>>> print(open('start-v1.cif').read())   # mmCIF, C-alpha atoms
data_final
#
loop_
_atom_site.label_atom_id
_atom_site.label_comp_id
_atom_site.auth_asym_id
_atom_site.auth_seq_id
_atom_site.Cartn_x
_atom_site.Cartn_y
_atom_site.Cartn_z
CA MET A 28 14.97 -161.80 66.37
CA ILE A 29 15.58 -158.52 68.17
CA PRO A 30 14.82 -155.34 66.15
CA GLU A 31 17.73 -152.98 65.56
CA ARG A 32 16.17 -150.20 67.69
CA ALA A 33 15.76 -152.55 70.67
CA TRP A 34 19.35 -153.76 70.14
CA LEU A 35 20.58 -150.15 70.14
CA ASP A 36 18.67 -149.41 73.36
CA ARG A 37 20.10 -152.52 75.03
CA VAL A 38 23.72 -151.76 74.09
CA ARG A 39 23.42 -148.08 75.00
CA ALA A 40 21.85 -148.86 78.40
CA TYR A 41 24.59 -151.36 79.21
CA ALA A 42 27.32 -148.95 78.10
CA GLN A 43 25.89 -146.16 80.26
CA LEU A 44 25.58 -148.55 83.20
CA ASN A 45 29.31 -149.13 82.79
CA GLN A 46 30.04 -145.39 82.69
CA TRP A 47 30.66 -144.97 78.96
CA LEU A 48 29.77 -141.65 77.34
CA CYS A 49 27.50 -142.53 74.42
CA TYR A 50 26.60 -140.68 71.27
CA HIS A 51 24.01 -141.77 68.71
CA THR A 52 22.72 -139.65 65.84
CA HIS A 53 18.94 -139.87 66.20
CA ASP A 54 18.13 -138.65 62.68
CA SER A 55 20.90 -139.53 60.26
CA ARG A 56 19.16 -138.29 57.11
CA ARG A 57 21.41 -135.20 57.01
CA SER A 58 24.57 -137.01 58.11
CA ALA A 59 27.25 -138.67 56.04
CA PRO A 60 26.03 -142.10 54.89
CA GLY A 61 27.51 -145.03 56.74
CA PHE A 62 28.71 -143.29 59.92
CA PRO A 63 28.60 -145.85 62.78
CA ASP A 64 25.56 -146.02 65.06
CA LEU A 65 27.37 -145.46 68.35
CA VAL A 66 30.40 -143.54 69.52
CA LEU A 67 31.53 -144.63 73.00
CA VAL A 68 34.23 -143.02 75.15
CA ARG A 69 35.61 -144.01 78.55
CA GLY A 70 39.00 -143.91 80.26
CA GLY A 71 41.11 -143.23 77.18
CA ARG A 72 39.18 -145.66 74.96
CA LEU A 73 37.26 -144.58 71.87
CA LEU A 74 34.93 -147.07 70.20
CA PHE A 75 32.78 -146.80 67.10
CA ALA A 76 30.11 -149.48 66.81
CA GLU A 77 27.80 -150.31 63.95
CA LEU A 78 24.77 -152.19 65.25
CA LYS A 79 23.03 -154.73 63.05
CA THR A 80 20.38 -157.36 63.52
CA ASP A 81 21.62 -160.92 63.23
CA ARG A 82 20.72 -160.85 59.54
CA GLY A 83 21.52 -157.20 58.86
CA ILE A 84 23.95 -156.40 56.09
CA VAL A 85 26.82 -153.93 56.53
CA THR A 86 26.59 -151.49 53.62
CA LEU A 87 29.51 -150.30 51.51
CA PRO A 88 29.48 -146.79 53.11
CA GLN A 89 29.44 -148.42 56.57
CA ARG A 90 32.40 -150.64 55.64
CA GLU A 91 34.25 -147.58 54.31
CA TRP A 92 33.71 -145.64 57.56
CA LEU A 93 34.77 -148.61 59.70
CA ALA A 94 37.88 -149.19 57.59
CA ALA A 95 38.86 -145.49 57.72
CA LEU A 96 38.29 -145.29 61.48
CA THR A 97 40.24 -148.51 62.02
CA GLU A 98 43.28 -146.89 60.42
CA ALA A 99 43.29 -144.16 63.08
CA ASN A 100 45.53 -144.74 66.08
CA ARG A 101 43.91 -145.74 69.37
CA VAL A 102 40.45 -146.29 67.88
CA GLU A 103 38.39 -149.47 68.05
CA THR A 104 35.70 -150.30 65.52
CA HIS A 105 33.09 -153.02 65.88
CA VAL A 106 30.00 -154.44 64.24
CA TRP A 107 27.75 -155.77 66.98
CA ARG A 108 24.78 -158.08 66.54
CA PRO A 109 22.43 -159.50 69.18
CA ALA A 110 24.20 -162.85 68.81
CA ASN A 111 27.39 -161.07 70.00
CA TRP A 112 25.83 -159.86 73.29
CA PRO A 113 28.31 -161.71 75.58
CA HIS A 114 31.23 -160.24 73.61
CA VAL A 115 29.67 -156.74 73.76
CA GLN A 116 29.26 -157.10 77.52
CA GLN A 117 32.88 -158.20 77.83
CA ILE A 118 34.13 -155.18 75.90
CA LEU A 119 31.97 -152.69 77.80
CA ALA A 120 32.31 -154.17 81.29
CA ARG A 121 34.01 -151.95 83.87
CA ARG A 122 36.22 -154.72 85.19
CA LEU A 123 38.10 -155.12 81.90
CA VAL A 124 39.68 -151.69 82.13
CA ALA A 125 40.54 -152.14 85.81
CA ASN A 126 42.06 -155.57 85.13
CA ALA A 127 44.02 -154.32 82.13
CA ILE A 128 45.44 -151.39 84.09
CA ALA A 129 46.32 -153.64 87.04
CA ASN A 130 48.11 -156.03 84.68
CA GLY A 131 49.92 -153.23 82.87
CA SER A 132 48.19 -154.05 79.58
CA GLN A 133 47.15 -151.56 76.96
CA THR A 134 43.43 -150.89 76.98
CA ASP A 135 43.41 -149.20 73.60
CA ARG A 136 43.72 -151.37 70.53
CA THR A 137 43.48 -150.62 66.88
CA VAL A 138 41.55 -153.40 65.23
CA GLY A 139 41.08 -154.50 61.66
CA ILE A 140 37.93 -155.61 59.94
CA ALA A 141 37.45 -158.30 57.34
CA GLU A 142 34.31 -158.37 55.26
CA THR A 143 32.71 -161.70 54.61
CA LYS A 144 29.61 -162.21 52.50
CA ARG A 145 27.16 -160.96 55.18
CA ASN A 146 29.23 -160.36 58.30
CA VAL A 147 32.08 -158.19 59.40
CA THR A 148 34.53 -159.92 61.67
CA ILE A 149 36.89 -158.08 63.95
CA ARG A 150 40.57 -158.95 63.95
CA GLY A 151 43.17 -157.74 66.39
CA TYR A 152 41.01 -157.04 69.44
CA SER A 153 42.27 -158.51 72.67
CA PRO A 154 41.04 -157.07 75.96
#
>>> encode(input="start-v1.cif", output="structure tokens")
Amino acid sequence: MIPERAWLDRVRAYAQLNQWLCYHTHDSRRSAPGFPDLVLVRGGRLLFAELKTDRGIVTLPQREWLAALTEANRVETHVWRPANWPHVQQILARRLVANAIANGSQTDRTVGIAETKRNVTIRGYSP
């Protein structure tokens, strides 16, 4: 199992490799509880991502933040776990934006979240 800090470093490095601007609050003790781990911006897309280990539980304040952010227009919210690495790579890959623009597709999607017992699943995302 990959520790959450190593998972954060992996996702952030891949995002930066693909030219995303990344923000992570290093010491969240004085921040609002539940704010997502990463804020990513590139080419008109704004993503908020909560990073969890494969067994990590999304807290109530985290679910509240993700739900509130999901309601905003042109914002994507995600919960990413190491088991989702191929999906994370697909979302962050440079070629997706270029392909979407070439095909005339929207690259910004508002997505919904559904809470299950231990996992948050993302509905409505289609690259």
>>> atom_distance(input="start-v1.cif", atom1="CA of Lys79 in chain A", atom2="CA of Ile118 in chain A")
17.0 Å
>>> closest_residue(input="start-v1.cif", among="A:Ser58, A:Gln46, A:Thr52, A:Thr80", to="Asn111 in chain A", atoms="only C-alpha atoms")
A:Thr80
>>> resolve_selection(input="start-v1.cif", expression="the PyMOL selection byres ((chain A and resi 69) around 10)", output="list in words")
Ala42, Asn45, Gln46, Trp47, Leu48, Cys49, Leu67, Val68, Gly70, Gly71, Arg72, Leu73, Leu74, Leu119, Arg121 and Val124 of chain A
>>> residues_around(input="start-v1.cif", residues="Arg39 in chain A", least_positions_apart="3", cutoff="9 Å", atoms="only C-alpha atoms", output="PDB file with C-alpha atoms, keeping the file's coordinate frame")
ATOM      1  CA  TRP A  34      19.350-153.760  70.140  1.00  0.00           C
ATOM      2  CA  LEU A  35      20.580-150.150  70.140  1.00  0.00           C
ATOM      3  CA  ASP A  36      18.670-149.410  73.360  1.00  0.00           C
ATOM      4  CA  ALA A  42      27.320-148.950  78.100  1.00  0.00           C
ATOM      5  CA  GLN A  43      25.890-146.160  80.260  1.00  0.00           C
ATOM      6  CA  LEU A  44      25.580-148.550  83.200  1.00  0.00           C
ATOM      7  CA  TRP A  47      30.660-144.970  78.960  1.00  0.00           C
ATOM      8  CA  CYS A  49      27.500-142.530  74.420  1.00  0.00           C
ATOM      9  CA  TYR A  50      26.600-140.680  71.270  1.00  0.00           C
ATOM     10  CA  HIS A  51      24.010-141.770  68.710  1.00  0.00           C
ATOM     11  CA  LEU A  65      27.370-145.460  68.350  1.00  0.00           C
TER      12      LEU A  65
END
>>> closest_residue(input="start-v1.cif", among="A:Leu96, A:Val38, A:Ala76, A:Val66", to="Ala120 in chain A", atoms="all atoms listed in the file")
A:Val38
>>> atom_distance(input="start-v1.cif", atom1="CA of Gln117 in chain A", atom2="CA of Ala33 in chain A")
19.4 Å
>>> residues_around(input="start-v1.cif", residues="Ala110 in chain A", least_positions_apart="3", cutoff="10 Å", atoms="all atoms listed in the file", output="list in words")
Met28, Ile29, Thr80, Asp81, Trp107, Pro113, His114 and Val115 of chain A
>>> residues_around(input="start-v1.cif", residues="Glu91 in chain A", least_positions_apart="4", cutoff="8 Å", atoms="all atoms listed in the file", output="MDAnalysis selection string")
chainID A and resid 61 87 95
>>> closest_residue(input="start-v1.cif", among="A:Asp64, A:Gln116, A:Pro109, A:Phe75", to="Ala94 in chain A", atoms="all atoms listed in the file")
A:Phe75
>>> atom_distance(input="start-v1.cif", atom1="CA of Glu77 in chain A", atom2="CA of Arg90 in chain A")
9.5 Å
>>> residues_around(input="start-v1.cif", residues="Phe62 in chain A", least_positions_apart="2", cutoff="8 Å", atoms="all atoms listed in the file", output="list of chain:residue names")
A:Ser58, A:Ala59, A:Pro60, A:Asp64, A:Pro88, A:Gln89, A:Trp92
>>> decode(input="start-v1.cif", residues="range 31-97 of chain A", atoms="C-alpha atoms", output="mmCIF file, in the first residue's frame")
data_model
loop_
_atom_site.group_PDB
_atom_site.id
_atom_site.type_symbol
_atom_site.label_atom_id
_atom_site.label_comp_id
_atom_site.auth_asym_id
_atom_site.auth_seq_id
_atom_site.Cartn_x
_atom_site.Cartn_y
_atom_site.Cartn_z
ATOM 1 C CA GLU A 31 -0.806 9.162 1.269
ATOM 2 C CA ARG A 32 2.265 11.459 1.186
ATOM 3 C CA ALA A 33 3.933 9.323 -1.506
ATOM 4 C CA TRP A 34 0.637 9.270 -3.433
ATOM 5 C CA LEU A 35 0.436 13.073 -3.237
ATOM 6 C CA ASP A 36 4.019 13.412 -4.486
ATOM 7 C CA ARG A 37 3.330 11.039 -7.389
ATOM 8 C CA VAL A 38 0.152 12.825 -8.519
ATOM 9 C CA ARG A 39 1.695 16.278 -8.139
ATOM 10 C CA ALA A 40 4.828 15.302 -10.102
ATOM 11 C CA TYR A 41 2.736 13.856 -12.924
ATOM 12 C CA ALA A 42 0.471 16.915 -13.003
ATOM 13 C CA GLN A 43 3.457 19.266 -13.179
ATOM 14 C CA LEU A 44 5.018 17.123 -15.917
ATOM 15 C CA ASN A 45 1.811 17.713 -17.862
ATOM 16 C CA GLN A 46 1.955 21.477 -17.259
ATOM 17 C CA TRP A 47 -0.729 21.792 -14.581
ATOM 18 C CA LEU A 48 -0.373 24.537 -11.978
ATOM 19 C CA CYS A 49 -0.632 22.770 -8.622
ATOM 20 C CA TYR A 50 -1.509 24.005 -5.176
ATOM 21 C CA HIS A 51 -1.346 21.969 -1.972
ATOM 22 C CA THR A 52 -1.704 23.360 1.546
ATOM 23 C CA HIS A 53 1.344 21.998 3.358
ATOM 24 C CA ASP A 54 0.041 22.634 6.876
ATOM 25 C CA SER A 55 -3.739 22.488 6.983
ATOM 26 C CA ARG A 56 -4.110 22.889 10.752
ATOM 27 C CA ARG A 57 -5.251 26.511 10.319
ATOM 28 C CA SER A 58 -7.338 25.872 7.211
ATOM 29 C CA ALA A 59 -10.996 24.991 6.886
ATOM 30 C CA PRO A 60 -11.474 21.275 7.630
ATOM 31 C CA GLY A 61 -12.059 19.098 4.596
ATOM 32 C CA PHE A 62 -10.650 21.359 1.866
ATOM 33 C CA PRO A 63 -9.327 19.117 -0.957
ATOM 34 C CA ASP A 64 -5.644 18.164 -1.051
ATOM 35 C CA LEU A 65 -4.875 19.506 -4.525
ATOM 36 C CA VAL A 66 -6.061 22.368 -6.681
ATOM 37 C CA LEU A 67 -5.000 21.947 -10.325
ATOM 38 C CA VAL A 68 -5.396 24.477 -13.147
ATOM 39 C CA ARG A 69 -4.544 24.222 -16.840
ATOM 40 C CA GLY A 70 -6.047 25.506 -20.082
ATOM 41 C CA GLY A 71 -9.418 26.591 -18.694
ATOM 42 C CA ARG A 72 -9.812 23.513 -16.471
ATOM 43 C CA LEU A 73 -10.038 23.704 -12.689
ATOM 44 C CA LEU A 74 -9.806 20.491 -10.675
ATOM 45 C CA PHE A 75 -10.033 19.850 -6.956
ATOM 46 C CA ALA A 76 -8.727 16.454 -5.880
ATOM 47 C CA GLU A 77 -8.907 14.726 -2.531
ATOM 48 C CA LEU A 78 -6.186 12.094 -2.299
ATOM 49 C CA LYS A 79 -6.740 8.982 -0.218
ATOM 50 C CA THR A 80 -4.965 5.693 0.267
ATOM 51 C CA ASP A 81 -6.817 2.691 -1.110
ATOM 52 C CA ARG A 82 -8.390 2.205 2.316
ATOM 53 C CA GLY A 83 -8.682 5.853 3.305
ATOM 54 C CA ILE A 84 -12.074 7.176 4.291
ATOM 55 C CA VAL A 85 -13.476 10.439 2.937
ATOM 56 C CA THR A 86 -14.600 12.465 5.961
ATOM 57 C CA LEU A 87 -17.874 14.353 6.242
ATOM 58 C CA PRO A 88 -16.153 17.784 5.883
ATOM 59 C CA GLN A 89 -14.318 16.481 2.785
ATOM 60 C CA ARG A 90 -17.597 15.250 1.276
ATOM 61 C CA GLU A 91 -19.203 18.621 2.036
ATOM 62 C CA TRP A 92 -16.384 20.527 0.279
ATOM 63 C CA LEU A 93 -16.475 18.212 -2.745
ATOM 64 C CA ALA A 94 -20.261 18.485 -3.006
ATOM 65 C CA ALA A 95 -20.173 22.299 -2.742
ATOM 66 C CA LEU A 96 -17.382 22.589 -5.312
ATOM 67 C CA THR A 97 -19.181 20.193 -7.648
#
